[in-house]
file data-v5.cif (mmCIF, C-alpha atoms and all ligand atoms)
data_target
loop_
_atom_site.label_atom_id
_atom_site.label_comp_id
_atom_site.auth_asym_id
_atom_site.auth_seq_id
_atom_site.Cartn_x
_atom_site.Cartn_y
_atom_site.Cartn_z
CA MET A 1 -7.78 -4.91 -23.03
CA SER A 2 -8.20 -1.38 -21.62
CA ASN A 3 -6.99 2.10 -22.46
CA GLU A 4 -7.19 3.25 -18.87
CA HIS A 5 -3.70 4.32 -17.86
CA ILE A 6 -2.65 3.02 -14.42
CA HIS A 7 0.07 4.73 -12.36
CA VAL A 8 2.11 2.76 -9.85
CA ILE A 9 4.22 4.62 -7.31
CA GLY A 10 7.14 2.57 -5.96
CA ALA A 11 8.93 -0.32 -7.69
CA GLY A 12 9.18 -2.85 -4.85
CA PRO A 13 7.64 -6.33 -5.11
CA ALA A 14 4.11 -5.01 -4.42
CA GLY A 15 4.17 -2.34 -7.12
CA LEU A 16 5.98 -4.51 -9.66
CA VAL A 17 3.56 -7.43 -9.31
CA ALA A 18 0.61 -5.02 -9.66
CA ALA A 19 2.23 -3.49 -12.77
CA ILE A 20 3.03 -6.87 -14.37
CA THR A 21 -0.50 -8.20 -13.76
CA LEU A 22 -2.16 -5.09 -15.19
CA ALA A 23 0.15 -4.90 -18.20
CA LYS A 24 -0.52 -8.56 -19.00
CA ALA A 25 -4.24 -7.72 -19.02
CA GLY A 26 -3.56 -5.01 -21.60
CA TYR A 27 -3.50 -1.87 -19.42
CA PRO A 28 -0.94 0.85 -20.14
CA VAL A 29 1.08 1.10 -16.90
CA THR A 30 3.69 3.60 -15.70
CA VAL A 31 5.79 2.86 -12.61
CA TYR A 32 7.42 5.81 -10.82
CA GLU A 33 10.46 4.92 -8.72
CA MET A 34 12.40 7.45 -6.67
CA ASN A 35 15.71 5.62 -7.19
CA ARG A 36 17.47 5.16 -10.50
CA ASP A 37 16.72 1.43 -10.53
CA VAL A 38 14.85 -1.22 -8.54
CA GLY A 39 16.39 -2.79 -5.43
CA HIS A 40 18.15 0.26 -3.97
CA ARG A 41 16.35 -0.16 -0.66
CA PHE A 42 18.33 -3.36 -0.14
CA ASN A 43 22.00 -4.33 -0.24
CA GLY A 44 22.24 -7.71 -1.89
CA ASP A 45 21.01 -9.33 1.32
CA TYR A 46 19.22 -12.64 1.26
CA GLN A 47 15.62 -12.88 2.45
CA GLY A 48 13.19 -15.76 2.69
CA ILE A 49 9.77 -16.15 1.09
CA GLU A 50 8.06 -18.04 3.91
CA ASN A 51 6.56 -21.40 3.09
CA TRP A 52 4.59 -22.36 6.17
CA SER A 53 1.54 -20.12 6.39
CA THR A 54 -0.49 -21.62 3.55
CA GLU A 55 -1.37 -25.06 2.22
CA GLU A 56 -0.16 -23.81 -1.15
CA ASP A 57 3.62 -24.02 -1.49
CA ALA A 58 5.24 -20.59 -2.01
CA HIS A 59 6.50 -21.81 -5.39
CA GLU A 60 2.89 -22.54 -6.43
CA PHE A 61 1.87 -19.15 -5.04
CA LEU A 62 4.28 -17.49 -7.49
CA GLU A 63 2.63 -19.48 -10.30
CA THR A 64 -0.83 -18.50 -9.05
CA VAL A 65 0.06 -14.83 -9.30
CA ASP A 66 1.46 -15.63 -12.75
CA LEU A 67 5.12 -14.81 -12.11
CA GLU A 68 8.10 -16.43 -13.78
CA THR A 69 10.94 -17.42 -11.51
CA ASN A 70 13.63 -15.56 -13.42
CA PHE A 71 15.45 -14.75 -10.14
CA ARG A 72 17.38 -16.72 -7.51
CA LEU A 73 14.83 -18.88 -5.69
CA GLU A 74 16.36 -21.62 -3.56
CA PRO A 75 14.42 -24.00 -1.29
CA TYR A 76 15.77 -24.24 2.28
CA ALA A 77 14.68 -26.99 4.67
CA ASP A 78 17.56 -28.33 6.71
CA GLY A 79 18.93 -25.70 9.11
CA ASP A 80 19.54 -25.03 12.78
CA PHE A 81 17.70 -23.12 15.49
CA PHE A 82 19.51 -22.09 18.67
CA ASN A 83 17.92 -21.35 22.03
CA PRO A 84 19.37 -18.73 24.42
CA SER A 85 21.68 -21.34 26.02
CA GLY A 86 23.11 -22.30 22.63
CA GLU A 87 21.35 -25.66 22.36
CA LYS A 88 20.82 -26.60 18.74
CA TYR A 89 17.50 -27.79 17.26
CA ASN A 90 17.09 -29.35 13.84
CA PHE A 91 13.43 -29.83 12.93
CA ASN A 92 11.68 -32.37 10.70
CA MET A 93 9.76 -30.83 7.84
CA SER A 94 7.97 -32.19 4.79
CA ARG A 95 8.80 -29.27 2.50
CA PRO A 96 11.12 -26.23 2.42
CA LEU A 97 10.62 -23.86 5.33
CA PHE A 98 11.29 -20.92 3.01
CA TYR A 99 12.64 -20.03 -0.41
CA LEU A 100 15.73 -17.87 -0.33
CA VAL A 101 15.75 -14.82 -2.62
CA GLU A 102 18.25 -12.05 -3.09
CA ARG A 103 17.21 -8.41 -2.74
CA GLY A 104 18.91 -5.49 -4.41
CA THR A 105 20.31 -4.49 -7.75
CA SER A 106 22.24 -7.57 -8.91
CA GLU A 107 21.06 -9.55 -11.93
CA TRP A 108 19.44 -12.47 -10.07
CA SER A 109 17.74 -10.46 -7.33
CA LEU A 110 13.96 -10.68 -6.93
CA ASP A 111 13.75 -6.97 -7.69
CA GLN A 112 15.64 -7.23 -11.01
CA GLY A 113 13.73 -10.38 -12.00
CA LEU A 114 10.40 -8.63 -11.49
CA LYS A 115 11.66 -5.57 -13.34
CA ARG A 116 12.59 -7.75 -16.35
CA GLN A 117 9.09 -9.27 -16.33
CA ALA A 118 7.55 -5.82 -16.12
CA LEU A 119 9.61 -4.58 -19.08
CA GLN A 120 8.69 -7.68 -21.10
CA THR A 121 4.98 -6.96 -20.57
CA GLY A 122 5.38 -3.34 -21.72
CA VAL A 123 5.42 -1.48 -18.38
CA GLN A 124 6.99 1.99 -18.65
CA PHE A 125 9.34 3.15 -15.89
CA GLU A 126 10.12 6.66 -14.77
CA TRP A 127 13.30 6.46 -12.71
CA GLY A 128 14.44 9.01 -10.15
CA ARG A 129 10.86 10.24 -9.61
CA ARG A 130 10.09 10.73 -5.91
CA MET A 131 6.36 11.31 -6.16
CA THR A 132 4.80 13.77 -3.79
CA HIS A 133 1.33 13.73 -5.30
CA ALA A 134 -0.88 11.18 -6.96
CA PRO A 135 -1.39 11.62 -10.73
CA SER A 136 -5.01 11.65 -11.89
CA GLY A 137 -6.74 8.37 -12.69
CA LYS A 138 -6.16 5.07 -10.94
CA VAL A 139 -3.04 5.04 -8.79
CA ILE A 140 -1.46 2.15 -6.91
CA ILE A 141 0.67 3.31 -4.01
CA SER A 142 3.43 0.84 -3.17
CA THR A 143 6.00 3.02 -1.48
CA GLY A 144 6.99 0.57 1.27
CA PRO A 145 7.25 1.16 5.03
CA LYS A 146 6.79 4.59 6.58
CA ALA A 147 8.07 3.88 10.06
CA ALA A 148 9.80 1.14 12.03
CA ASP A 149 7.83 -1.48 13.95
CA ALA A 150 10.83 -3.80 13.77
CA VAL A 151 14.44 -3.01 12.88
CA ALA A 152 17.08 -5.21 11.25
CA ARG A 153 20.79 -4.57 11.64
CA GLY A 154 23.07 -6.83 9.65
CA MET A 155 25.85 -7.51 7.21
CA VAL A 156 26.41 -9.30 3.92
CA PHE A 157 29.69 -11.11 3.32
CA LYS A 158 31.55 -13.67 1.26
CA THR A 159 32.28 -17.09 2.75
CA THR A 160 33.43 -20.58 1.81
CA HIS A 161 30.71 -22.10 4.06
CA GLU A 162 28.25 -24.43 2.35
CA ASN A 163 24.62 -23.40 1.82
CA TYR A 164 23.01 -23.17 5.24
CA TYR A 165 20.64 -21.27 7.51
CA ALA A 166 20.41 -20.73 11.24
CA ALA A 167 18.14 -18.74 13.56
CA PHE A 168 18.93 -17.59 17.09
CA LEU A 169 16.35 -16.78 19.74
CA ASP A 170 17.55 -14.76 22.71
CA ASP A 171 16.45 -11.35 24.03
CA GLU A 172 20.09 -10.49 24.73
CA ILE A 173 20.92 -10.47 21.02
CA ALA A 174 17.50 -9.77 19.47
CA PRO A 175 14.92 -8.29 21.87
CA GLN A 176 11.57 -9.96 21.14
CA GLY A 177 12.90 -10.97 17.74
CA TYR A 178 15.57 -13.26 16.34
CA ALA A 179 18.95 -13.26 14.61
CA TYR A 180 19.41 -15.13 11.33
CA LEU A 181 22.17 -16.42 9.08
CA LEU A 182 21.54 -17.30 5.43
CA VAL A 183 24.32 -18.74 3.24
CA ASN A 184 24.00 -19.35 -0.48
CA GLU A 185 26.64 -19.93 -3.14
CA GLY A 186 29.55 -18.30 -1.33
CA ARG A 187 27.62 -15.30 -0.04
CA ALA A 188 25.88 -14.82 3.27
CA THR A 189 23.57 -12.52 5.20
CA PHE A 190 23.64 -12.24 8.95
CA ALA A 191 21.33 -9.89 10.85
CA THR A 192 19.58 -9.34 14.10
CA CYS A 193 15.93 -8.37 13.95
CA LEU A 194 14.70 -6.37 16.95
CA PHE A 195 11.11 -5.60 17.89
CA GLU A 196 12.23 -3.41 20.81
CA LYS A 197 15.19 -1.23 21.89
CA PHE A 198 15.95 0.05 18.39
CA LYS A 199 18.41 2.68 19.52
CA ASP A 200 20.77 -0.04 20.77
CA SER A 201 20.66 -1.97 17.50
CA PHE A 202 24.43 -1.73 16.88
CA GLU A 203 25.21 -3.20 20.31
CA TYR A 204 22.71 -5.99 19.74
CA PHE A 205 24.22 -6.67 16.36
CA ASP A 206 27.73 -7.02 17.88
CA ALA A 207 26.39 -9.39 20.54
CA ALA A 208 24.48 -11.40 17.93
CA LEU A 209 27.56 -11.70 15.71
CA GLU A 210 29.66 -12.93 18.61
CA ARG A 211 26.97 -15.51 19.45
CA MET A 212 26.68 -16.71 15.87
CA GLN A 213 30.46 -17.13 15.54
CA LYS A 214 30.51 -19.12 18.78
CA TYR A 215 28.11 -21.72 17.37
CA VAL A 216 28.71 -21.68 13.63
CA ASP A 217 32.16 -22.24 12.17
CA ILE A 218 32.06 -19.74 9.33
CA ASP A 219 34.66 -17.54 7.63
CA ILE A 220 33.67 -13.93 6.97
CA LEU A 221 35.21 -12.04 4.05
CA ASP A 222 34.50 -8.59 2.60
CA SER A 223 31.64 -7.80 4.96
CA GLN A 224 29.35 -4.83 4.36
CA GLY A 225 26.83 -3.56 6.87
CA PHE A 226 23.17 -2.90 6.21
CA GLY A 227 20.05 -1.96 8.12
CA GLY A 228 16.35 -1.71 7.48
CA TYR A 229 12.94 -1.65 9.05
CA VAL A 230 9.43 -2.97 8.57
CA ASN A 231 6.04 -1.42 9.25
CA PHE A 232 2.73 -3.01 10.27
CA PHE A 233 -0.68 -1.47 10.74
CA LEU A 234 -4.29 -2.59 10.62
CA ASP A 235 -7.75 -1.07 10.41
CA ARG A 236 -6.92 1.76 8.00
CA PRO A 237 -8.72 2.28 4.69
CA LEU A 238 -7.03 0.47 1.82
CA MET A 239 -8.49 2.73 -0.84
CA LYS A 240 -9.17 6.39 -1.20
CA ASP A 241 -11.35 8.44 -3.54
CA HIS A 242 -12.33 5.16 -5.31
CA ARG A 243 -9.11 5.41 -7.33
CA ILE A 244 -6.11 5.18 -5.00
CA TYR A 245 -5.06 1.71 -3.88
CA TYR A 246 -2.54 1.05 -1.08
CA VAL A 247 -0.57 -2.18 -1.42
CA GLY A 248 2.39 -3.91 0.27
CA GLU A 249 3.95 -2.32 3.29
CA SER A 250 2.53 1.10 2.45
CA ALA A 251 -0.83 -0.51 3.33
CA GLY A 252 0.67 -1.86 6.57
CA PHE A 253 0.77 -5.41 5.12
CA GLN A 254 3.43 -7.21 7.05
CA ASP A 255 3.82 -10.33 9.17
CA LEU A 256 4.07 -8.84 12.63
CA LEU A 257 5.37 -12.07 14.16
CA PHE A 258 8.62 -12.35 12.19
CA GLY A 259 8.61 -9.63 9.47
CA PHE A 260 8.08 -11.87 6.44
CA GLY A 261 6.33 -9.25 4.31
CA MET A 262 7.24 -10.25 0.76
CA ARG A 263 4.32 -12.60 0.19
CA TYR A 264 1.88 -10.00 1.48
CA ALA A 265 3.50 -7.42 -0.79
CA MET A 266 3.24 -9.52 -3.95
CA HIS A 267 -0.20 -10.87 -3.09
CA SER A 268 -1.67 -7.43 -2.37
CA GLY A 269 -0.17 -6.04 -5.61
CA TYR A 270 -1.81 -8.91 -7.47
CA LEU A 271 -5.16 -8.37 -5.71
CA ALA A 272 -5.17 -4.63 -6.44
CA ALA A 273 -4.54 -5.38 -10.11
CA GLN A 274 -7.25 -8.07 -10.17
CA SER A 275 -9.72 -5.69 -8.56
CA ILE A 276 -9.12 -3.20 -11.38
CA ILE A 277 -9.22 -5.83 -14.13
CA GLU A 278 -12.30 -7.65 -12.82
CA ASP A 279 -14.01 -4.60 -11.30
CA LEU A 280 -14.01 -6.14 -7.82
CA SER A 281 -13.70 -4.49 -4.44
CA TYR A 282 -10.02 -4.36 -3.40
CA PRO A 283 -10.81 -3.98 0.33
CA ASP A 284 -13.08 -7.04 0.10
CA LEU A 285 -10.35 -9.08 -1.60
CA CYS A 286 -7.92 -8.05 1.16
CA LYS A 287 -10.47 -8.94 3.83
CA GLU A 288 -10.74 -12.40 2.32
CA HIS A 289 -7.09 -13.15 1.54
CA ILE A 290 -4.80 -10.98 3.69
CA ILE A 291 -6.42 -9.35 6.73
CA PRO A 292 -7.23 -12.60 8.63
CA LYS A 293 -3.56 -13.62 8.50
CA MET A 294 -2.46 -10.12 9.54
CA GLU A 295 -4.78 -10.29 12.52
CA THR A 296 -3.44 -13.69 13.47
CA SER A 297 0.11 -12.40 13.18
CA LEU A 298 -0.80 -9.58 15.58
CA ALA A 299 -2.18 -12.12 18.08
CA ASN A 300 0.96 -14.24 17.55
CA ARG A 301 3.19 -11.25 18.28
CA TRP A 302 1.32 -10.56 21.50
CA LEU A 303 1.84 -14.20 22.55
CA PHE A 304 5.50 -14.20 21.45
CA THR A 305 6.33 -11.12 23.51
CA ARG A 306 5.07 -13.03 26.55
CA LEU A 307 7.48 -15.93 26.02
CA GLU A 308 10.88 -14.39 26.87
CA ASP A 309 13.96 -16.60 27.00
CA LEU A 310 12.52 -19.56 28.93
CA GLY A 311 9.47 -19.51 26.69
CA TYR A 312 11.61 -19.68 23.53
CA THR A 313 13.23 -22.86 24.84
CA ILE A 314 9.88 -24.40 25.79
CA MET A 315 8.56 -23.56 22.32
CA LEU A 316 11.57 -25.16 20.59
CA ASP A 317 11.41 -28.20 22.91
CA ARG A 318 7.78 -28.76 21.96
CA LEU A 319 8.59 -28.77 18.24
CA ILE A 320 11.66 -30.99 18.27
CA ASP A 321 9.87 -34.37 18.43
CA LYS A 322 7.30 -33.56 15.79
CA ASP A 323 7.35 -35.48 12.50
CA ASP A 324 6.62 -32.34 10.52
CA ILE A 325 6.66 -28.77 11.82
CA ILE A 326 5.08 -27.23 8.69
CA PRO A 327 1.41 -28.04 9.55
CA ILE A 328 2.05 -26.95 13.14
CA LEU A 329 3.39 -23.58 12.02
CA ARG A 330 0.54 -23.25 9.55
CA SER A 331 -2.02 -23.81 12.27
CA GLN A 332 -0.36 -21.02 14.26
CA TYR A 333 -0.66 -18.64 11.30
CA ASN A 334 -4.30 -19.30 10.56
CA PRO A 335 -7.28 -17.82 12.38
CA SER A 336 -8.62 -19.90 15.27
CA TRP A 337 -11.13 -19.18 18.04
CA TYR A 338 -8.21 -18.90 20.43
CA LYS A 339 -6.44 -16.21 18.36
CA LYS A 340 -9.76 -14.40 17.89
CA VAL A 341 -10.15 -14.18 21.66
CA ILE A 342 -6.61 -12.79 22.01
CA LEU A 343 -6.94 -10.34 19.11
CA PRO A 344 -8.76 -7.48 20.91
CA VAL A 345 -6.17 -7.57 23.70
CA ALA A 346 -3.33 -7.70 21.17
CA LYS A 347 -4.85 -4.78 19.22
CA ARG A 348 -5.04 -2.66 22.36
CA ALA A 349 -1.47 -3.53 23.33
CA PHE A 350 0.06 -2.89 19.90
CA LYS A 351 0.93 0.68 19.02
CA THR A 352 2.25 1.04 15.50
CA ARG A 353 4.96 3.63 15.10
CA LEU A 354 3.30 4.68 11.84
CA GLU A 355 4.26 8.26 11.10
CA ASP A 356 2.88 9.05 7.66
CA LYS A 357 -0.76 8.07 8.00
CA GLN A 358 -1.32 8.46 4.27
CA CYS A 359 -4.56 10.39 4.27
CA MET A 360 -6.07 7.95 6.67
CA HIS A 361 -7.31 10.37 9.25
CA GLU A 362 -9.23 13.60 9.26
CA ASP A 363 -7.33 16.84 8.59
CA CYS A 364 -4.52 14.76 7.19
CA SER A 365 -1.30 16.69 6.69
CA CYS A 366 0.58 14.02 4.76
CA VAL A 367 2.13 14.76 1.38
CA TRP A 368 -0.84 13.34 -0.47
CA CYS A 369 -3.41 15.57 1.18
CA LYS A 370 -1.27 18.69 1.35
CA HIS A 371 0.04 18.56 -2.18
CA GLY A 372 -2.01 16.01 -4.11
CA GLU A 373 -4.73 16.91 -6.58
CA HIS A 374 -7.29 15.27 -4.33
CA ALA A 375 -6.33 17.75 -1.60
CA TYR A 376 -9.23 19.80 -2.85
CA ALA A 377 -11.59 16.92 -3.45
CA GLU A 378 -13.85 15.37 -0.88
CA VAL A 379 -11.76 12.69 0.71
CA GLU A 380 -12.78 9.51 2.43
CA CYS A 381 -10.40 9.67 5.36
C1 LIG A 401 16.47 -6.11 6.50
C2 LIG A 401 15.14 -6.67 6.06
C3 LIG A 401 15.00 -8.04 5.93
C4 LIG A 401 13.77 -8.56 5.51
N1 LIG A 401 13.66 -9.91 5.38
C5 LIG A 401 12.51 -10.43 4.91
C6 LIG A 401 12.39 -11.84 4.68
O1 LIG A 401 13.31 -12.62 4.95
N2 LIG A 401 11.20 -12.30 4.19
C7 LIG A 401 10.17 -11.46 3.89
O2 LIG A 401 9.11 -11.94 3.41
N3 LIG A 401 10.26 -10.13 4.09
C8 LIG A 401 11.40 -9.61 4.58
N4 LIG A 401 11.50 -8.25 4.78
C9 LIG A 401 10.32 -7.41 4.47
C10 LIG A 401 10.21 -7.19 2.96
O3 LIG A 401 11.45 -6.80 2.44
C11 LIG A 401 9.15 -6.12 2.69
O4 LIG A 401 7.97 -6.51 3.35
C12 LIG A 401 8.87 -5.94 1.21
O5 LIG A 401 10.02 -5.52 0.50
C13 LIG A 401 7.77 -4.88 1.02
O6 LIG A 401 7.58 -4.68 -0.34
P1 LIG A 401 6.89 -3.34 -0.89
O7 LIG A 401 6.84 -3.48 -2.36
O8 LIG A 401 5.65 -3.09 -0.13
O9 LIG A 401 7.89 -2.16 -0.49
P2 LIG A 401 9.44 -1.91 -0.81
O10 LIG A 401 10.14 -3.19 -1.10
O11 LIG A 401 9.93 -1.08 0.32
O12 LIG A 401 9.43 -1.03 -2.12
C14 LIG A 401 8.98 0.32 -2.08
C15 LIG A 401 9.59 1.05 -3.27
O13 LIG A 401 8.98 2.33 -3.37
C16 LIG A 401 9.97 3.31 -3.64
N5 LIG A 401 9.44 4.60 -3.16
C17 LIG A 401 9.19 4.96 -1.86
N6 LIG A 401 8.64 6.18 -1.80
C18 LIG A 401 8.53 6.62 -3.09
C19 LIG A 401 8.01 7.81 -3.69
N7 LIG A 401 7.49 8.81 -2.95
N8 LIG A 401 8.05 7.94 -5.04
C20 LIG A 401 8.56 6.93 -5.81
N9 LIG A 401 9.07 5.78 -5.30
C21 LIG A 401 9.04 5.61 -3.96
C22 LIG A 401 11.19 2.79 -2.89
O14 LIG A 401 12.40 3.33 -3.41
C23 LIG A 401 11.08 1.28 -3.13
O15 LIG A 401 11.73 0.88 -4.32
C24 LIG A 401 12.69 -7.70 5.23
C25 LIG A 401 12.83 -6.32 5.39
C26 LIG A 401 14.04 -5.81 5.82
C27 LIG A 401 14.18 -4.33 5.99
#
call {"tool": "encode", "arguments": {"input": "data-v5.cif", "output": "structure tokens"}}
result
Amino acid sequence: MSNEHIHVIGAGPAGLVAAITLAKAGYPVTVYEMNRDVGHRFNGDYQGIENWSTEEDAHEFLETVDLETNFRLEPYADGDFFNPSGEKYNFNMSRPLFYLVERGTSEWSLDQGLKRQALQTGVQFEWGRRMTHAPSGKVIISTGPKAADAVARGMVFKTTHENYYAAFLDDEIAPQGYAYLLVNEGRATFATCLFEKFKDSFEYFDAALERMQKYVDIDILDSQGFGGYVNFFLDRPLMKDHRIYYVGESAGFQDLLFGFGMRYAMHSGYLAAQSIIEDLSYPDLCKEHIIPKMETSLANRWLFTRLEDLGYTIMLDRLIDKDDIIPILRSQYNPSWYKKVILPVAKRAFKTRLEDKQCMHEDCSCVWCKHGEHAYAEVEC
């Protein structure tokens, strides 16, 4: 039990998990959210909590970080992958590849589920507060991405199609990325995720939609468009002034290979809270639990960009005869000597489009340094 008031800026998964964990440990917590509710960054689209990068199943991970599953959480194993020529691959796997969740403002979204848990544990919310400076005391910054390292362009719609997922690899519809279809209980999300050529995202979306409709017999009703972006960066301080903690995508935590950032977001929120509760070093916890996977994902991205269309087919061909693709994917996501050798090259090649560097360089001109209270304090940039 502590009287130390903790401020959390941003009510996405990272901030909410941090707030829930701290409130459960007895800390008074206030969450400031610039929108009038959680989930406004998203549009009811489906996303997947990936289930391949760790031995621990993602469902167990949610239990480990002490979350209830009071939101839509559906295991997905059996689905289709398409290569650039339209050949279909259906892989063997011993457990779900991912757990589907809904993002946005509806009752069963991940965002609303976490908000309910936060309210139950006594977290206070201040809605419609776009924070431009950090309050005094301990502050967790969980404001999400600042710039686009990958862009998604998509739509949500109603359909009579059964529950299903498909992924499409082809640089003509998703440059250096992939397009995906997720169907659950009469609603669907289809999007293309581009790691290059962002300004042509609408054209790529049209091409991806045409491709998807060629290979999947699906009716589309009441469609609504959406877009979004994800941000990745490494090697920046994760704390400032011994009191400001960066978590989730505002810390650059993202899977650079495919953009599966939700687990990083929730895990880093949990670790920041644990570091406050247990008086541990947050950067050290991240170095142990998150950074090695981030580095591997950077090496993976470098390798993936070398594949191009023929490489995608070779990669899919290699997986099709395997008894279980989960351990193979896991081995790709975990550090190895081979990825360590590639990492320095990948680091040099990768240029984040990070715009707001969040006080992470000298003479910082970001909102925190220009307007925050610590603007006049000695800062560890
Ligand atoms: C289209 C799309 C599809 C995706 N699909 C997947 C997927 O399938 N699987 C996966 O794992 N990940 C996916 N991601 C990534 C995932 O959504 C993010 O990694 C995750 O939401 C990051 O969580 P966060 O809490 O760090 O930030 P966010 O979810 O962005 O939350 C940040 C919150 O902070 C608030 N905020 C921002 N600035 C301020 C401020 N100054 N003051 C107050 N409040 C503020 C925002 O309104 C927002 O509510 C996808 C992303 C996109 C865009």
call {"tool": "closest_residue", "arguments": {"input": "data-v5.cif", "among": "A:Ala208, A:Leu329, A:Leu62, A:Val139", "to": "Ile244 (chain A)", "atoms": "only C-alpha atoms"}}
result
A:Val139
call {"tool": "residues_around", "arguments": {"input": "data-v5.cif", "residues": "Met294 (chain A)", "least_positions_apart": "3", "cutoff": "12 Å", "atoms": "only C-alpha atoms", "output": "number ranges by chain"}}
result
A: 53, 232-235, 249, 251-261, 263-264, 286-291, 297-301, 333-335, 339-340, 343, 346-347
call {"tool": "closest_residue", "arguments": {"input": "data-v5.cif", "among": "A:Ala152, A:Ile220, A:Ile6, A:Ala166", "to": "Thr192 (chain A)", "atoms": "only C-alpha atoms"}}
result
A:Ala152
call {"tool": "residues_around", "arguments": {"input": "data-v5.cif", "residues": "region 84-91 of chain A", "least_positions_apart": "4", "cutoff": "7 Å", "atoms": "all atoms listed in the file", "output": "PyMOL selection string"}}
result
chain A and resi 79-80+169-170+309+320+325
call {"tool": "closest_residue", "arguments": {"input": "data-v5.cif", "among": "A:Lys322, A:Arg41, A:Arg116, A:Lys199", "to": "ligand LIG 401 (chain A)", "atoms": "all atoms listed in the file"}}
result
A:Arg41
call {"tool": "closest_residue", "arguments": {"input": "data-v5.cif", "among": "A:Gln213, A:Gln274, A:Ser268, A:Asn92", "to": "Asp321 (chain A)", "atoms": "only C-alpha atoms"}}
result
A:Asn92
call {"tool": "closest_atom_pairs", "arguments": {"input": "data-v5.cif", "of": "chain A", "to": "ligand LIG 401 (chain A)", "cutoff": "7 Å", "atoms": "only C-alpha atoms and all ligand atoms", "output": "tab-separated table"}}
result
residue	atom	partner	partner_atom	distance
A:Ile9	CA	A:LIG401	C20	5.1
A:Gly10	CA	A:LIG401	O13	3.2
A:Ala11	CA	A:LIG401	O15	4.5
A:Gly12	CA	A:LIG401	O12	3.3
A:Pro13	CA	A:LIG401	O7	4.0
A:Ala14	CA	A:LIG401	O7	3.7
A:Gly15	CA	A:LIG401	O7	5.6
A:Tyr32	CA	A:LIG401	C20	5.3
A:Glu33	CA	A:LIG401	N9	3.8
A:Met34	CA	A:LIG401	N9	4.0
A:Asn35	CA	A:LIG401	O14	5.5
A:Val38	CA	A:LIG401	O15	5.7
A:Gly39	CA	A:LIG401	O15	6.0
A:His40	CA	A:LIG401	O15	6.5
A:Arg41	CA	A:LIG401	O14	5.9
A:Tyr46	CA	A:LIG401	O1	7.0
A:Gln47	CA	A:LIG401	O1	3.4
A:Gly48	CA	A:LIG401	O1	3.9
A:Ile49	CA	A:LIG401	O2	4.9
A:Glu50	CA	A:LIG401	O2	6.2
A:Arg129	CA	A:LIG401	C20	5.5
A:Arg130	CA	A:LIG401	N8	3.6
A:Met131	CA	A:LIG401	N8	3.9
A:Thr132	CA	A:LIG401	N7	5.7
A:Ser142	CA	A:LIG401	O8	5.4
A:Thr143	CA	A:LIG401	O13	3.6
A:Gly144	CA	A:LIG401	O9	3.4
A:Pro145	CA	A:LIG401	O11	5.9
A:Ala152	CA	A:LIG401	C1	4.9
A:Arg153	CA	A:LIG401	C1	6.9
A:Gly227	CA	A:LIG401	C1	5.7
A:Gly228	CA	A:LIG401	C27	3.7
A:Tyr229	CA	A:LIG401	C27	4.3
A:Val230	CA	A:LIG401	C27	5.6
A:Val247	CA	A:LIG401	O8	6.4
A:Gly248	CA	A:LIG401	O8	3.4
A:Glu249	CA	A:LIG401	O8	3.9
A:Ser250	CA	A:LIG401	O8	5.8
A:Gln254	CA	A:LIG401	O4	5.9
A:Gly259	CA	A:LIG401	C8	5.6
A:Phe260	CA	A:LIG401	O2	3.2
A:Gly261	CA	A:LIG401	O4	3.3
A:Met262	CA	A:LIG401	O2	3.7
A:Arg263	CA	A:LIG401	O2	5.8
A:Ala265	CA	A:LIG401	O8	4.9
